[in-house]
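Source file: input36.pdb; contents: PDB, C-alpha atoms and all ligand atoms.
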ATOM      1  CA  MET A   1      -5.728 -20.893 -11.771  1.00  0.00           C
ATOM      2  CA  LYS A   2      -3.089 -20.431  -9.149  1.00  0.00           C
ATOM      3  CA  MET A   3      -2.918 -16.748  -9.985  1.00  0.00           C
ATOM      4  CA  LEU A   4      -6.688 -16.388  -9.840  1.00  0.00           C
ATOM      5  CA  LEU A   5      -6.692 -18.035  -6.454  1.00  0.00           C
ATOM      6  CA  SER A   6      -4.077 -15.672  -5.049  1.00  0.00           C
ATOM      7  CA  LEU A   7      -6.021 -12.714  -6.452  1.00  0.00           C
ATOM      8  CA  LEU A   8      -9.116 -13.966  -4.669  1.00  0.00           C
ATOM      9  CA  ILE A   9      -7.175 -14.390  -1.449  1.00  0.00           C
ATOM     10  CA  ALA A  10      -5.734 -10.890  -1.816  1.00  0.00           C
ATOM     11  CA  ALA A  11      -9.216  -9.441  -2.339  1.00  0.00           C
ATOM     12  CA  THR A  12     -10.492 -11.222   0.749  1.00  0.00           C
ATOM     13  CA  ALA A  13      -7.553  -9.939   2.764  1.00  0.00           C
ATOM     14  CA  VAL A  14      -8.309  -6.345   1.802  1.00  0.00           C
ATOM     15  CA  GLN A  15     -11.890  -6.671   3.003  1.00  0.00           C
ATOM     16  CA  ALA A  16     -10.603  -8.135   6.226  1.00  0.00           C
ATOM     17  CA  HIS A  17      -8.752  -4.964   7.200  1.00  0.00           C
ATOM     18  CA  TYR A  18     -10.114  -2.440   9.620  1.00  0.00           C
ATOM     19  CA  THR A  19      -9.797   0.896  11.376  1.00  0.00           C
ATOM     20  CA  PHE A  20     -10.951   2.102  14.798  1.00  0.00           C
ATOM     21  CA  PRO A  21     -12.617   5.488  14.171  1.00  0.00           C
ATOM     22  CA  ARG A  22     -14.776   5.802  17.292  1.00  0.00           C
ATOM     23  CA  LEU A  23     -14.040   5.579  21.000  1.00  0.00           C
ATOM     24  CA  VAL A  24     -16.866   4.381  23.272  1.00  0.00           C
ATOM     25  CA  ILE A  25     -16.633   5.457  26.937  1.00  0.00           C
ATOM     26  CA  ASN A  26     -18.963   3.860  29.517  1.00  0.00           C
ATOM     27  CA  GLY A  27     -21.217   2.808  26.635  1.00  0.00           C
ATOM     28  CA  LYS A  28     -21.356   6.269  25.031  1.00  0.00           C
ATOM     29  CA  SER A  29     -19.752   6.641  21.618  1.00  0.00           C
ATOM     30  CA  GLU A  30     -18.008   9.730  20.335  1.00  0.00           C
ATOM     31  CA  GLU A  31     -20.439  11.704  18.186  1.00  0.00           C
ATOM     32  CA  LYS A  32     -19.124  10.696  14.788  1.00  0.00           C
ATOM     33  CA  ASP A  33     -16.084   8.994  13.343  1.00  0.00           C
ATOM     34  CA  TRP A  34     -12.799  10.803  13.914  1.00  0.00           C
ATOM     35  CA  SER A  35     -14.113  13.510  16.238  1.00  0.00           C
ATOM     36  CA  VAL A  36     -11.858  12.799  19.240  1.00  0.00           C
ATOM     37  CA  THR A  37     -10.005   9.961  17.539  1.00  0.00           C
ATOM     38  CA  ARG A  38      -7.364  11.162  15.109  1.00  0.00           C
ATOM     39  CA  GLN A  39      -8.179  10.149  11.556  1.00  0.00           C
ATOM     40  CA  THR A  40      -5.714   7.561  10.336  1.00  0.00           C
ATOM     41  CA  LYS A  41      -3.951   7.398   6.984  1.00  0.00           C
ATOM     42  CA  ASN A  42      -5.731   4.126   6.249  1.00  0.00           C
ATOM     43  CA  ALA A  43      -9.218   5.560   6.861  1.00  0.00           C
ATOM     44  CA  ASN A  44     -10.093   4.584   3.284  1.00  0.00           C
ATOM     45  CA  SER A  45      -7.622   1.839   2.368  1.00  0.00           C
ATOM     46  CA  LYS A  46      -7.869   0.085   5.777  1.00  0.00           C
ATOM     47  CA  GLN A  47      -4.292  -1.046   5.157  1.00  0.00           C
ATOM     48  CA  GLY A  48      -2.298  -2.067   8.235  1.00  0.00           C
ATOM     49  CA  ILE A  49       1.266  -1.044   9.039  1.00  0.00           C
ATOM     50  CA  GLU A  50       3.814  -3.827   8.504  1.00  0.00           C
ATOM     51  CA  ASN A  51       6.995  -2.103   9.708  1.00  0.00           C
ATOM     52  CA  PRO A  52       6.854  -1.791  13.504  1.00  0.00           C
ATOM     53  CA  THR A  53       9.709   0.758  13.498  1.00  0.00           C
ATOM     54  CA  ALA A  54       7.979   3.184  11.107  1.00  0.00           C
ATOM     55  CA  ALA A  55       6.915   6.624  12.360  1.00  0.00           C
ATOM     56  CA  ASP A  56       3.294   5.669  11.650  1.00  0.00           C
ATOM     57  CA  ILE A  57       3.394   3.048  14.423  1.00  0.00           C
ATOM     58  CA  ARG A  58       2.688   5.835  16.931  1.00  0.00           C
ATOM     59  CA  CYS A  59      -0.726   7.054  15.807  1.00  0.00           C
ATOM     60  CA  TYR A  60      -0.887   6.452  12.010  1.00  0.00           C
ATOM     61  CA  GLN A  61      -2.672   9.769  11.826  1.00  0.00           C
ATOM     62  CA  SER A  62      -3.361  11.982   8.849  1.00  0.00           C
ATOM     63  CA  ALA A  63      -4.658  14.800  11.073  1.00  0.00           C
ATOM     64  CA  ASN A  64      -5.275  15.696  14.693  1.00  0.00           C
ATOM     65  CA  ALA A  65      -8.885  15.591  15.878  1.00  0.00           C
ATOM     66  CA  GLY A  66     -10.876  18.680  16.823  1.00  0.00           C
ATOM     67  CA  ALA A  67     -12.213  17.632  20.210  1.00  0.00           C
ATOM     68  CA  VAL A  68     -11.138  16.065  23.498  1.00  0.00           C
ATOM     69  CA  SER A  69     -13.300  13.506  25.348  1.00  0.00           C
ATOM     70  CA  THR A  70     -13.538  13.522  29.134  1.00  0.00           C
ATOM     71  CA  ILE A  71     -13.177  10.069  30.632  1.00  0.00           C
ATOM     72  CA  PRO A  72     -13.322   9.342  34.367  1.00  0.00           C
ATOM     73  CA  ALA A  73     -10.558   7.151  35.768  1.00  0.00           C
ATOM     74  CA  GLY A  74     -12.005   3.687  36.194  1.00  0.00           C
ATOM     75  CA  ALA A  75     -14.299   4.089  33.170  1.00  0.00           C
ATOM     76  CA  SER A  76     -14.593   1.244  30.706  1.00  0.00           C
ATOM     77  CA  PHE A  77     -13.968   1.803  27.024  1.00  0.00           C
ATOM     78  CA  TYR A  78     -13.592   0.100  23.685  1.00  0.00           C
ATOM     79  CA  TYR A  79     -13.378   1.104  20.029  1.00  0.00           C
ATOM     80  CA  VAL A  80     -15.836   0.527  17.216  1.00  0.00           C
ATOM     81  CA  SER A  81     -14.191  -1.293  14.322  1.00  0.00           C
ATOM     82  CA  THR A  82     -15.163  -0.587  10.724  1.00  0.00           C
ATOM     83  CA  GLN A  83     -14.900  -4.291   9.900  1.00  0.00           C
ATOM     84  CA  GLN A  84     -14.858  -7.532  11.819  1.00  0.00           C
ATOM     85  CA  VAL A  85     -11.587  -7.916  13.716  1.00  0.00           C
ATOM     86  CA  ASN A  86     -11.156 -11.345  12.216  1.00  0.00           C
ATOM     87  CA  HIS A  87      -7.404 -11.793  12.323  1.00  0.00           C
ATOM     88  CA  PRO A  88      -5.728 -13.546  15.262  1.00  0.00           C
ATOM     89  CA  GLY A  89      -3.591 -11.374  17.509  1.00  0.00           C
ATOM     90  CA  PRO A  90      -3.460  -9.255  20.631  1.00  0.00           C
ATOM     91  CA  THR A  91      -5.263  -6.006  21.417  1.00  0.00           C
ATOM     92  CA  GLN A  92      -3.274  -3.482  23.431  1.00  0.00           C
ATOM     93  CA  TYR A  93      -4.048  -0.039  24.852  1.00  0.00           C
ATOM     94  CA  TYR A  94      -1.510   2.648  25.724  1.00  0.00           C
ATOM     95  CA  LEU A  95      -1.689   6.090  27.313  1.00  0.00           C
ATOM     96  CA  ALA A  96       0.690   9.066  27.043  1.00  0.00           C
ATOM     97  CA  LYS A  97       0.317  12.170  29.219  1.00  0.00           C
ATOM     98  CA  VAL A  98       0.262  15.487  27.423  1.00  0.00           C
ATOM     99  CA  PRO A  99       3.143  17.641  28.718  1.00  0.00           C
ATOM    100  CA  ASP A 100       2.646  21.084  30.263  1.00  0.00           C
ATOM    101  CA  GLY A 101       2.144  23.784  27.666  1.00  0.00           C
ATOM    102  CA  LYS A 102       0.597  21.373  25.150  1.00  0.00           C
ATOM    103  CA  SER A 103      -2.915  20.123  24.613  1.00  0.00           C
ATOM    104  CA  ALA A 104      -4.246  16.793  23.421  1.00  0.00           C
ATOM    105  CA  THR A 105      -5.387  18.552  20.257  1.00  0.00           C
ATOM    106  CA  ASN A 106      -1.880  19.628  19.267  1.00  0.00           C
ATOM    107  CA  TRP A 107       0.638  17.292  20.924  1.00  0.00           C
ATOM    108  CA  ASP A 108       2.459  14.754  18.756  1.00  0.00           C
ATOM    109  CA  GLY A 109       3.134  12.037  21.369  1.00  0.00           C
ATOM    110  CA  SER A 110       6.909  12.095  20.876  1.00  0.00           C
ATOM    111  CA  GLY A 111       9.453  10.922  23.428  1.00  0.00           C
ATOM    112  CA  ALA A 112       9.498   8.149  26.037  1.00  0.00           C
ATOM    113  CA  VAL A 113       5.962   8.917  27.207  1.00  0.00           C
ATOM    114  CA  TRP A 114       3.826   5.856  26.437  1.00  0.00           C
ATOM    115  CA  PHE A 115       2.757   3.266  28.998  1.00  0.00           C
ATOM    116  CA  LYS A 116       0.677   0.179  28.409  1.00  0.00           C
ATOM    117  CA  ILE A 117      -2.550  -0.253  30.353  1.00  0.00           C
ATOM    118  CA  PHE A 118      -3.963  -3.415  28.783  1.00  0.00           C
ATOM    119  CA  THR A 119      -3.078  -6.416  26.670  1.00  0.00           C
ATOM    120  CA  THR A 120      -4.721  -9.704  25.723  1.00  0.00           C
ATOM    121  CA  MET A 121      -3.533 -13.307  25.589  1.00  0.00           C
ATOM    122  CA  PRO A 122      -4.813 -16.172  23.445  1.00  0.00           C
ATOM    123  CA  THR A 123      -6.557 -19.263  24.721  1.00  0.00           C
ATOM    124  CA  VAL A 124      -7.340 -22.614  23.126  1.00  0.00           C
ATOM    125  CA  ASP A 125     -10.999 -23.554  22.797  1.00  0.00           C
ATOM    126  CA  LYS A 126     -12.522 -27.015  23.013  1.00  0.00           C
ATOM    127  CA  ASN A 127     -11.889 -27.562  19.303  1.00  0.00           C
ATOM    128  CA  LYS A 128      -8.187 -26.921  19.971  1.00  0.00           C
ATOM    129  CA  GLN A 129      -8.383 -23.645  18.060  1.00  0.00           C
ATOM    130  CA  MET A 130      -6.421 -20.693  19.344  1.00  0.00           C
ATOM    131  CA  THR A 131      -8.657 -17.670  19.897  1.00  0.00           C
ATOM    132  CA  TRP A 132      -8.031 -14.153  21.116  1.00  0.00           C
ATOM    133  CA  PRO A 133     -10.250 -11.913  23.233  1.00  0.00           C
ATOM    134  CA  GLY A 134     -12.299  -9.775  20.871  1.00  0.00           C
ATOM    135  CA  GLN A 135     -11.581 -11.861  17.793  1.00  0.00           C
ATOM    136  CA  ASN A 136     -14.358 -11.736  15.167  1.00  0.00           C
ATOM    137  CA  GLU A 137     -16.145  -8.850  16.871  1.00  0.00           C
ATOM    138  CA  TYR A 138     -16.950  -5.479  15.303  1.00  0.00           C
ATOM    139  CA  LYS A 139     -15.387  -3.725  18.248  1.00  0.00           C
ATOM    140  CA  THR A 140     -12.218  -4.022  20.291  1.00  0.00           C
ATOM    141  CA  VAL A 141     -12.013  -5.603  23.730  1.00  0.00           C
ATOM    142  CA  ASN A 142     -13.320  -3.725  26.774  1.00  0.00           C
ATOM    143  CA  ALA A 143     -10.727  -2.274  29.123  1.00  0.00           C
ATOM    144  CA  THR A 144     -10.718   0.315  31.906  1.00  0.00           C
ATOM    145  CA  ILE A 145      -8.693   3.435  32.543  1.00  0.00           C
ATOM    146  CA  PRO A 146      -6.662   2.516  35.654  1.00  0.00           C
ATOM    147  CA  ALA A 147      -8.148   4.253  38.717  1.00  0.00           C
ATOM    148  CA  ASN A 148      -4.691   5.395  39.790  1.00  0.00           C
ATOM    149  CA  THR A 149      -3.959   7.348  36.587  1.00  0.00           C
ATOM    150  CA  PRO A 150      -3.218  11.023  37.364  1.00  0.00           C
ATOM    151  CA  ASP A 151      -5.679  13.617  36.065  1.00  0.00           C
ATOM    152  CA  GLY A 152      -4.869  15.453  32.871  1.00  0.00           C
ATOM    153  CA  GLU A 153      -4.947  15.268  29.097  1.00  0.00           C
ATOM    154  CA  TYR A 154      -3.679  12.136  27.376  1.00  0.00           C
ATOM    155  CA  LEU A 155      -3.457  10.395  24.075  1.00  0.00           C
ATOM    156  CA  LEU A 156      -5.112   6.966  24.234  1.00  0.00           C
ATOM    157  CA  ARG A 157      -3.790   4.490  21.670  1.00  0.00           C
ATOM    158  CA  VAL A 158      -5.554   1.305  20.555  1.00  0.00           C
ATOM    159  CA  GLU A 159      -3.657  -1.369  18.687  1.00  0.00           C
ATOM    160  CA  HIS A 160      -4.645  -4.688  17.205  1.00  0.00           C
ATOM    161  CA  ILE A 161      -1.780  -6.767  15.831  1.00  0.00           C
ATOM    162  CA  ALA A 162      -2.830  -9.239  13.140  1.00  0.00           C
ATOM    163  CA  LEU A 163      -0.530 -12.247  13.315  1.00  0.00           C
ATOM    164  CA  HIS A 164      -1.882 -14.511  10.551  1.00  0.00           C
ATOM    165  CA  MET A 165       1.197 -13.833   8.358  1.00  0.00           C
ATOM    166  CA  ALA A 166       3.597 -13.062  11.190  1.00  0.00           C
ATOM    167  CA  MET A 167       5.824 -16.079  10.602  1.00  0.00           C
ATOM    168  CA  GLN A 168       7.515 -13.845   8.004  1.00  0.00           C
ATOM    169  CA  ALA A 169       9.449 -10.728   9.053  1.00  0.00           C
ATOM    170  CA  ASN A 170       7.504  -7.488   8.639  1.00  0.00           C
ATOM    171  CA  LYS A 171       4.279  -9.308   7.844  1.00  0.00           C
ATOM    172  CA  ALA A 172       2.473  -8.767  11.117  1.00  0.00           C
ATOM    173  CA  GLN A 173      -0.120  -6.036  10.509  1.00  0.00           C
ATOM    174  CA  PHE A 174      -0.695  -3.226  12.997  1.00  0.00           C
ATOM    175  CA  TYR A 175      -4.131  -1.612  13.117  1.00  0.00           C
ATOM    176  CA  LEU A 176      -4.300   1.356  15.448  1.00  0.00           C
ATOM    177  CA  SER A 177      -5.523   4.823  16.224  1.00  0.00           C
ATOM    178  CA  CYS A 178      -5.111   7.487  18.921  1.00  0.00           C
ATOM    179  CA  SER A 179      -7.790   9.470  20.731  1.00  0.00           C
ATOM    180  CA  GLN A 180      -7.570  12.801  22.526  1.00  0.00           C
ATOM    181  CA  ILE A 181      -8.874  12.403  26.075  1.00  0.00           C
ATOM    182  CA  LYS A 182      -8.954  14.149  29.429  1.00  0.00           C
ATOM    183  CA  ILE A 183      -8.862  11.909  32.514  1.00  0.00           C
ATOM    184  CA  THR A 184     -10.696  13.149  35.601  1.00  0.00           C
ATOM    185  CA  GLY A 185     -11.125  11.771  39.114  1.00  0.00           C
ATOM    186  CA  GLY A 186      -7.831   9.927  38.860  1.00  0.00           C
ATOM    187  CA  GLY A 187      -5.192   9.015  41.399  1.00  0.00           C
ATOM    188  CA  SER A 188      -1.579   9.630  42.214  1.00  0.00           C
ATOM    189  CA  GLY A 189       0.060   6.672  40.499  1.00  0.00           C
ATOM    190  CA  THR A 190       3.363   6.829  38.666  1.00  0.00           C
ATOM    191  CA  PRO A 191       2.699   5.152  35.330  1.00  0.00           C
ATOM    192  CA  GLY A 192       5.442   3.123  33.679  1.00  0.00           C
ATOM    193  CA  PRO A 193       7.553   1.705  32.200  1.00  0.00           C
ATOM    194  CA  LEU A 194       7.547   4.546  29.660  1.00  0.00           C
ATOM    195  CA  VAL A 195       8.531   3.848  26.050  1.00  0.00           C
ATOM    196  CA  SER A 196       8.641   5.760  22.792  1.00  0.00           C
ATOM    197  CA  LEU A 197       6.774   4.918  19.614  1.00  0.00           C
ATOM    198  CA  PRO A 198       8.466   4.158  17.352  1.00  0.00           C
ATOM    199  CA  GLY A 199      11.162   2.628  19.542  1.00  0.00           C
ATOM    200  CA  ALA A 200       9.296   0.107  21.673  1.00  0.00           C
ATOM    201  CA  TYR A 201       9.002  -2.499  18.898  1.00  0.00           C
ATOM    202  CA  LYS A 202      11.455  -4.347  16.684  1.00  0.00           C
ATOM    203  CA  SER A 203      10.597  -6.515  13.689  1.00  0.00           C
ATOM    204  CA  SER A 204      12.231  -9.475  15.446  1.00  0.00           C
ATOM    205  CA  ASP A 205      10.310  -9.171  18.736  1.00  0.00           C
ATOM    206  CA  PRO A 206       8.925 -12.618  19.644  1.00  0.00           C
ATOM    207  CA  GLY A 207       5.384 -11.221  19.756  1.00  0.00           C
ATOM    208  CA  ILE A 208       5.717  -9.735  16.252  1.00  0.00           C
ATOM    209  CA  LEU A 209       7.786 -12.329  14.348  1.00  0.00           C
ATOM    210  CA  VAL A 210       5.853 -15.389  15.473  1.00  0.00           C
ATOM    211  CA  ASP A 211       4.453 -18.560  13.963  1.00  0.00           C
ATOM    212  CA  LEU A 212       1.123 -19.061  15.697  1.00  0.00           C
ATOM    213  CA  GLY A 213       1.078 -22.692  14.563  1.00  0.00           C
ATOM    214  CA  LYS A 214       4.097 -23.305  16.765  1.00  0.00           C
ATOM    215  CA  ILE A 215       2.505 -21.910  19.927  1.00  0.00           C
ATOM    216  CA  GLN A 216      -0.929 -23.367  19.210  1.00  0.00           C
ATOM    217  CA  ASN A 217      -0.577 -25.829  22.089  1.00  0.00           C
ATOM    218  CA  ALA A 218       1.016 -23.371  24.515  1.00  0.00           C
ATOM    219  CA  PRO A 219      -0.856 -20.087  24.062  1.00  0.00           C
ATOM    220  CA  ASP A 220       0.451 -18.700  27.354  1.00  0.00           C
ATOM    221  CA  THR A 221       3.968 -18.608  25.878  1.00  0.00           C
ATOM    222  CA  TYR A 222       2.938 -15.737  23.600  1.00  0.00           C
ATOM    223  CA  GLN A 223       4.858 -12.553  24.486  1.00  0.00           C
ATOM    224  CA  PRO A 224       2.957  -9.366  23.619  1.00  0.00           C
ATOM    225  CA  PRO A 225       5.389  -6.762  22.250  1.00  0.00           C
ATOM    226  CA  GLY A 226       6.218  -3.595  24.135  1.00  0.00           C
ATOM    227  CA  PRO A 227       6.550  -2.867  27.848  1.00  0.00           C
ATOM    228  CA  ALA A 228       4.830  -4.653  30.712  1.00  0.00           C
ATOM    229  CA  VAL A 229       1.329  -3.486  31.565  1.00  0.00           C
ATOM    230  CA  TRP A 230       1.374  -0.754  34.227  1.00  0.00           C
ATOM    231  CA  ARG A 231      -0.156  -1.974  37.506  1.00  0.00           C
TER     232      ARG A 231
HETATM  233 CU    CU A 301      -6.756  -8.291   6.965  1.00  0.00          CU
END

Here is the file; what I need is its structure written in the form of structure tokens.
Ligand SMILES: [Cu+2]
Amino acid sequence: MKMLLSLLIAATAVQAHYTFPRLVINGKSEEKDWSVTRQTKNANSKQGIENPTAADIRCYQSANAGAVSTIPAGASFYYVSTQQVNHPGPTQYYLAKVPDGKSATNWDGSGAVWFKIFTTMPTVDKNKQMTWPGQNEYKTVNATIPANTPDGEYLLRVEHIALHMAMQANKAQFYLSCSQIKITGGGSGTPGPLVSLPGAYKSSDPGILVDLGKIQNAPDTYQPPGPAVWR
């Protein structure tokens, strides 16, 4: 019976996984899955990444995408999720500027090039349940491309970190993808701090190895992993 129960739980967990195959800019979705968003290795399995230092933590991609989407600075965006984003945990967005001589369709995103533009924090509802922005939706949270971002081609990275098992090392699950975009009408900001992926995360980071039960009453003590949000 115990074994049957754990099999059932495992089956449920598999269904609960998700990918983010489509970027939506100012309400307009990319034409079809994986056209400007790079197809991820878990496109079929939906399996998350558990090792935050693995090479796959950058974009988890199996292939580059064919197209590049133009997105005005200041535009709002989110990602369609293949399943309900039902696990507790933060959503974060990063950008990395494509260097001269490369294009968003062929650049690999290596080096200390990534800056964070958005993260989310949990709150406690009236039933004393911790909830996260975007939890239980079939899309990720809305964010905007900072108006000050310089023009040019970028990789945009979405990440949802599922923390339901994160009290054990290497049991947080990272769901992510990267899109090929071109920012127009931007500003003259100097984005930072810049980090590399992998490199920005360790398995022992307090936002990755975390027992949500222990911060249930103090949700603002949660520390999202990675650099501070660029402002
Ligand atoms: Cu799951």

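Note that the spacing between atom CA of A:Pro224 and atom CA of A:Pro206 amounts to 7.9 Å.
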
Please evaluate the PyMOL selection byres (((chain A and resi 166-172) around 9) and not hetatm) against the structure above and give the resulting residues as a count of residues only.
20

I would like the residues chosen by the PyMOL selection byres (((chain A and resi 139-152) around 8) and not hetatm) on the shown file; could you give them as number ranges by chain?
A: 72-81, 84-85, 91, 97-98, 117-118, 133-134, 137-138, 153-154, 182-191

When the PyMOL selection byres (((chain A and resi 68) around 7) and not hetatm) is applied to the file above, which residues end up in the set, as a PyMOL selection string?
chain A and resi 36+67+69-70+104+180-182

Do a neighbour search on A:Asn217 at 9 Å with all atoms listed in the file, toss out local chain neighbours closer than 2 positions, and write the hits as a PyMOL selection string.
chain A and resi 124+128+130+213-215+219-220

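If all atoms listed in the file are the atoms counted, then among A:Ser29, A:Thr19, A:Gln61, A:Asn44 the closest residue to ligand CU 301 (chain A) is A:Thr19.
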
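With all atoms listed in the file as the basis for measurement, A:Asn136 is the residue among A:Trp107, A:Phe115, A:Asn136, A:Gly226 that approaches ligand CU 301 (chain A) most closely.
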
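Remark: for A:Ile25, the closest of the candidate residues A:Asn64, A:Cys178, A:Ile71, A:Glu159 is A:Ile71 (distances computed over all atoms listed in the file).
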
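Atom CA of A:Lys41 lies 8.5 Å from atom CA of A:Ala63.
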